Amino acid sequence: MSRHPRLLPALLYSLVLAFSSGATAPVESSHAASGNIPDHSAGTANDQIAVPSRAVPALADPPSAAPAALWSAKGCTAAACHGAIEAIREPPTQMFRKIAELGRDHGDPDGCIVCHGGDPRAKQATAAHRGAPASLSEHGGPDGFYPDPASPWVNERSCGLCHAELVAAQFNSLMMTEAGKAQGTLWSFGKAGDYQHRYANYAAKNPGDPAMRLGSDAYRNYMRKKSAAHPDLFVQAHEPIPEALGPTELGKLESDPGAAVYTYLRAECQRCHLGVKGRARRGDFRGMGCGACHIPYSNNGFYEGADASIAKDEAGHALVHTIQATRNAKVRVGSLSYSGIPVETCTTCHNRGKRIGVSYQGLMEGAFGSPFTEGGGGQIGLHSKHYIAMEQDVHYQAGMLCQDCHTSRDVHGDGFLAAANLAAVEIECSDCHGTPGAFPWELPLGWGDEDGPGAAQGPPRGVAPSGVGGAKEDHLISARGNPFPELLRIDDRVLLRSAGGKDLWLDPLKKKVLAGSLSLEA
């Protein structure tokens with residue numbers, strides 16, 4: 001992280017100061033990318049959602065001990081190998097303990113093989129980075145050495161050991177299929193033919209059992225009706241995008257110029273999906289699959305951890321060997337620490353298309369390299385672009401991360417195809433703010449997410465009991481019927497326990513009306 005402020009131009013430095021200082025989180029979301037989401041909470045008779053009772057843990061700094069003190073100094077963590085590498089999660093956490101225990105069960109005292117495979121008994125790197133213990137493979141773990149265990153092409157045997165439902169859902173998620181991007185591009189080239197989202201990066205289809213949709217009972221019932229109302233968005237299957245013309249077929253463009261779209265899609269649009277690593281350019285370094293969000297990378301792709309065996313002057317490495325995830329997943333980089341998934345992680349992809357990630361930060365593409373940096377040089381390119389500063393989103397100014405609004409189903413998917421943002425995004429503004437006439441918990445399911453003219457109808461959605469702090473401290477519920485794990489109703493106010501570590505209080509619009517403090521301009 002120390003590289004970020006040194007290399008960003010002066011104009012952008014202020015925009016990422018909170019990231020660099022660790023104050024408001026630079027990079028699993030309380031509900032955006034967390035494996036702790038109660039995806040299968042049971043719906044009650046009136047379609048409310050019961051959330052398992054749990055105490056809200058206090059935030060704690062990562063252990064101050066040097067990483068080397070964690071390890072056995074045998075096998076992978078021998079002094080001459082990865083003896084000073086960072087823990088994938090903090091040692092006190094359940095995740096760290098489970099990985100270490102599973103590793104010991106299969107001959108690795110430190111658990112490295114649980115994600116990476118390899119041979120922990122080998123003395124040389126070439127032999128260590130080969131194969132995997134047969135007992136681990138038979139258990140469902142790696143069947144070879146995985147340099148990038150988060151890749152969707154292997155993560156069923158790594159991440160999927162603990163997060164099987166999310167890994168199973170990934171290939172039907174919009175971040176993998178990119179069906180909306182494909183349809184929009186095909187339409188603009190005159191090749192779509194209709195509004196059906198027919199194509200994706202690969203062939204995909206929905207599970208046969210509707211009960212396999214991840215979420216609460218209320219959510220599954222709601223999505224069954226919504227999918228029927230929008231069959232062009234909630235399709236049953238995708239075909240792979242047609243092949244691009246080969247070098248000897250370019251003459252076909254004279255009669256069918258729109259066929260150039262298949263080359264354009266592959267060269268530009270499709271390089272951001274999670275099955276590839278993307279471009280090795282400043283601001284675009286990231287992992288694949290689960291690692292695209294959960295493994296931190298710096299803008300310049302340099303490793304800044306303590307493992308001497310990983311080159312620090314070679315671009316393309318993770319920032320540190322630690323998962324970034326929820327509010328309680330602390331990441332340490334040198335003397336700095338943060339929690340959550342930074343906005344900058346999201347903008348490695350979301351700087352094109354709608355430009356939503358950089359717009360959230362108050363950045364707009366500019367044609368020139370000015371304004372200049374403090375030393376008088378031109379602005380350093382980011383995402384192969386130059387930016388000028390605009391008004392930052394009010395949520396960003398408050399210290400909120402993307403994952404503080406976007407839910408697990410937005411990011412991981414719910415296991416069923418959703419072919420455009422309209423279909424995939426779960427949250428509505430009124431889910432937190434309500435309306436001038438109703439608190440969020442007084443609104444019916446579907447409010448703000450209507451399928452036709454007029455407002456959604458039905459009984460109040462209520463709240464989901466949390467079991468924390470008394471009867472009036474409960475989870476808010478989304479317009480589609482899922483609880484928000486880190487959004488609480490406390491009396492007539494809303495508390496967001498941000499993934500970045502902040503506790504943010506919100507007065508819903510109705511409370512402002514009753515207090516006479518609602519801004520008429522707003």
# chains A, B, ... in the order shown; residues from 1 in each chain; ligands from 1

$ select_by_dssp --residues "segment 350-500 of chain A" --states "alpha helix (DSSP H)" --output "PyMOL selection string"
chain A and resi 356-360+394-397+408-411+421-424+430-433

$ residues_around --residues "Glu391 of chain A" --least-positions-apart "3" --cutoff "10 Å" --atoms "only C-alpha atoms" --output "PyMOL selection string"
chain A and resi 359-364+394+397

$ residues_around --residues "Val114 of chain A" --least-positions-apart "6" --cutoff "8 Å" --atoms "only C-alpha atoms" --output "list in words"
Ile99, Leu102, Gly103, Leu136, Gly141, Pro142 and Ser158 of chain A

$ write_last_selection --atoms "C-alpha atoms" --output "PDB file, in the first residue's frame"
ATOM      1  CA  ILE A  99      -7.146 -24.831   7.061  1.00  0.00           C
ATOM      2  CA  LEU A 102      -7.089 -30.052   7.401  1.00  0.00           C
ATOM      3  CA  GLY A 103      -3.475 -29.578   6.335  1.00  0.00           C
ATOM      4  CA  LEU A 136      -6.270 -34.737   0.052  1.00  0.00           C
ATOM      5  CA  GLY A 141      -9.038 -31.069  -2.350  1.00  0.00           C
ATOM      6  CA  PRO A 142      -6.434 -30.102  -4.984  1.00  0.00           C
ATOM      7  CA  SER A 158      -9.836 -25.311  -3.090  1.00  0.00           C
TER       8      SER A 158
END

$ select_by_dssp --residues "segment 315-388 of chain A" --states "strand (DSSP E or B)" --output "ChimeraX atom specification"
/A:330-333,336-339,363-366,382,385-388

$ write_last_selection --atoms "C-alpha atoms" --output "tab-separated table (two decimals), in the first residue's frame"
chain	number	residue	atom	x	y	z
A	330	LYS	CA	-8.15	-7.84	8.83
A	331	VAL	CA	-5.37	-7.42	6.29
A	332	ARG	CA	-1.96	-6.11	7.30
A	333	VAL	CA	0.47	-4.51	4.85
A	336	LEU	CA	-0.98	-0.54	8.00
A	337	SER	CA	-4.12	-2.63	8.32
A	338	TYR	CA	-7.62	-2.52	6.86
A	339	SER	CA	-10.76	-4.61	6.53
A	363	LEU	CA	-13.39	10.31	-11.21
A	364	MET	CA	-14.16	10.96	-14.87
A	365	GLU	CA	-11.97	10.12	-17.83
A	366	GLY	CA	-10.08	13.04	-19.28
A	382	LEU	CA	-4.64	4.38	-14.39
A	385	LYS	CA	-6.70	6.35	-18.82
A	386	HIS	CA	-6.30	9.78	-17.30
A	387	TYR	CA	-8.89	11.15	-14.90
A	388	ILE	CA	-10.24	14.46	-13.69

$ closest_residue --among "A:Ala150, A:Leu166, A:Leu504, A:Ala228" --to "Lys277 of chain A" --atoms "only C-alpha atoms"
A:Ala150

$ closest_atom_pairs --of "segment 161-269 of chain A" --to "segment 349-358 of chain A" --cutoff "12 Å" --atoms "only C-alpha atoms" --output "JSON lines"
{"residue": "A:Met175", "atom": "CA", "partner": "A:Cys349", "partner_atom": "CA", "distance": 10.0}
{"residue": "A:Glu178", "atom": "CA", "partner": "A:Gly353", "partner_atom": "CA", "distance": 11.5}
{"residue": "A:Gly180", "atom": "CA", "partner": "A:Gly353", "partner_atom": "CA", "distance": 10.6}
{"residue": "A:Lys181", "atom": "CA", "partner": "A:Gly353", "partner_atom": "CA", "distance": 8.0}
{"residue": "A:Ala182", "atom": "CA", "partner": "A:Gly353", "partner_atom": "CA", "distance": 11.3}
{"residue": "A:Gly184", "atom": "CA", "partner": "A:Gly353", "partner_atom": "CA", "distance": 10.1}
{"residue": "A:Thr185", "atom": "CA", "partner": "A:Gly353", "partner_atom": "CA", "distance": 10.3}
{"residue": "A:Glu268", "atom": "CA", "partner": "A:Arg352", "partner_atom": "CA", "distance": 9.9}
{"residue": "A:Cys269", "atom": "CA", "partner": "A:Gly353", "partner_atom": "CA", "distance": 8.4}

$ closest_atom_pairs --of "segment 401-510 of chain A" --to "segment 189-207 of chain A" --cutoff "7 Å" --atoms "only C-alpha atoms" --output "JSON lines"
{"residue": "A:Phe416", "atom": "CA", "partner": "A:Asn206", "partner_atom": "CA", "distance": 5.2}
{"residue": "A:Leu417", "atom": "CA", "partner": "A:Asn206", "partner_atom": "CA", "distance": 6.2}
{"residue": "A:Ala419", "atom": "CA", "partner": "A:His197", "partner_atom": "CA", "distance": 6.2}

$ atom_distance --atom1 "atom CA of Asp209 of chain A" --atom2 "atom CA of Ala169 of chain A"
13.3 Å

$ residues_around --residues "segment 309-320 of chain A" --least-positions-apart "4" --cutoff "8 Å" --atoms "only C-alpha atoms" --output "list in words"
Met1, Ala80, Cys81, His82, Glu86, Ala280, Phe285, Arg286, Gly287, Ile295, Pro296, Tyr297, Ser298, Asn300, Gly301, Phe302, Tyr303, Glu304, Gly305 and Val333 of chain A

$ write_last_selection --atoms "C-alpha atoms" --output "mmCIF file, in the first residue's frame"
data_model
loop_
_atom_site.group_PDB
_atom_site.id
_atom_site.type_symbol
_atom_site.label_atom_id
_atom_site.label_comp_id
_atom_site.auth_asym_id
_atom_site.auth_seq_id
_atom_site.Cartn_x
_atom_site.Cartn_y
_atom_site.Cartn_z
ATOM 1 C CA MET A 1 0.000 0.000 0.000
ATOM 2 C CA ALA A 80 14.650 -21.130 2.544
ATOM 3 C CA CYS A 81 11.119 -21.335 1.090
ATOM 4 C CA HIS A 82 8.068 -19.420 2.342
ATOM 5 C CA GLU A 86 1.594 -13.977 5.598
ATOM 6 C CA ALA A 280 -1.285 -6.490 -16.773
ATOM 7 C CA PHE A 285 -3.849 -6.179 -11.779
ATOM 8 C CA ARG A 286 -6.130 -8.707 -10.084
ATOM 9 C CA GLY A 287 -6.721 -12.377 -9.478
ATOM 10 C CA ILE A 295 -7.041 -11.273 -2.925
ATOM 11 C CA PRO A 296 -5.558 -7.747 -2.708
ATOM 12 C CA TYR A 297 -3.445 -6.325 -5.515
ATOM 13 C CA SER A 298 -1.787 -2.925 -5.690
ATOM 14 C CA ASN A 300 1.198 -1.697 -9.904
ATOM 15 C CA GLY A 301 0.930 -5.392 -9.124
ATOM 16 C CA PHE A 302 3.880 -5.577 -6.719
ATOM 17 C CA TYR A 303 4.156 -7.852 -3.692
ATOM 18 C CA GLU A 304 4.738 -5.936 -0.433
ATOM 19 C CA GLY A 305 4.732 -8.782 2.075
ATOM 20 C CA VAL A 333 0.471 -4.513 4.852
#

$ residues_around --residues "Cys115 of chain A" --least-positions-apart "3" --cutoff "12 Å" --atoms "only C-alpha atoms" --output "ChimeraX atom specification"
/A:88,96,98-100,102-103,108,110-112,118,132,136-137,140-151,154-162

$ atom_distance --atom1 "atom CA of His433 of chain A" --atom2 "atom CA of Gly413 of chain A"
24.6 Å
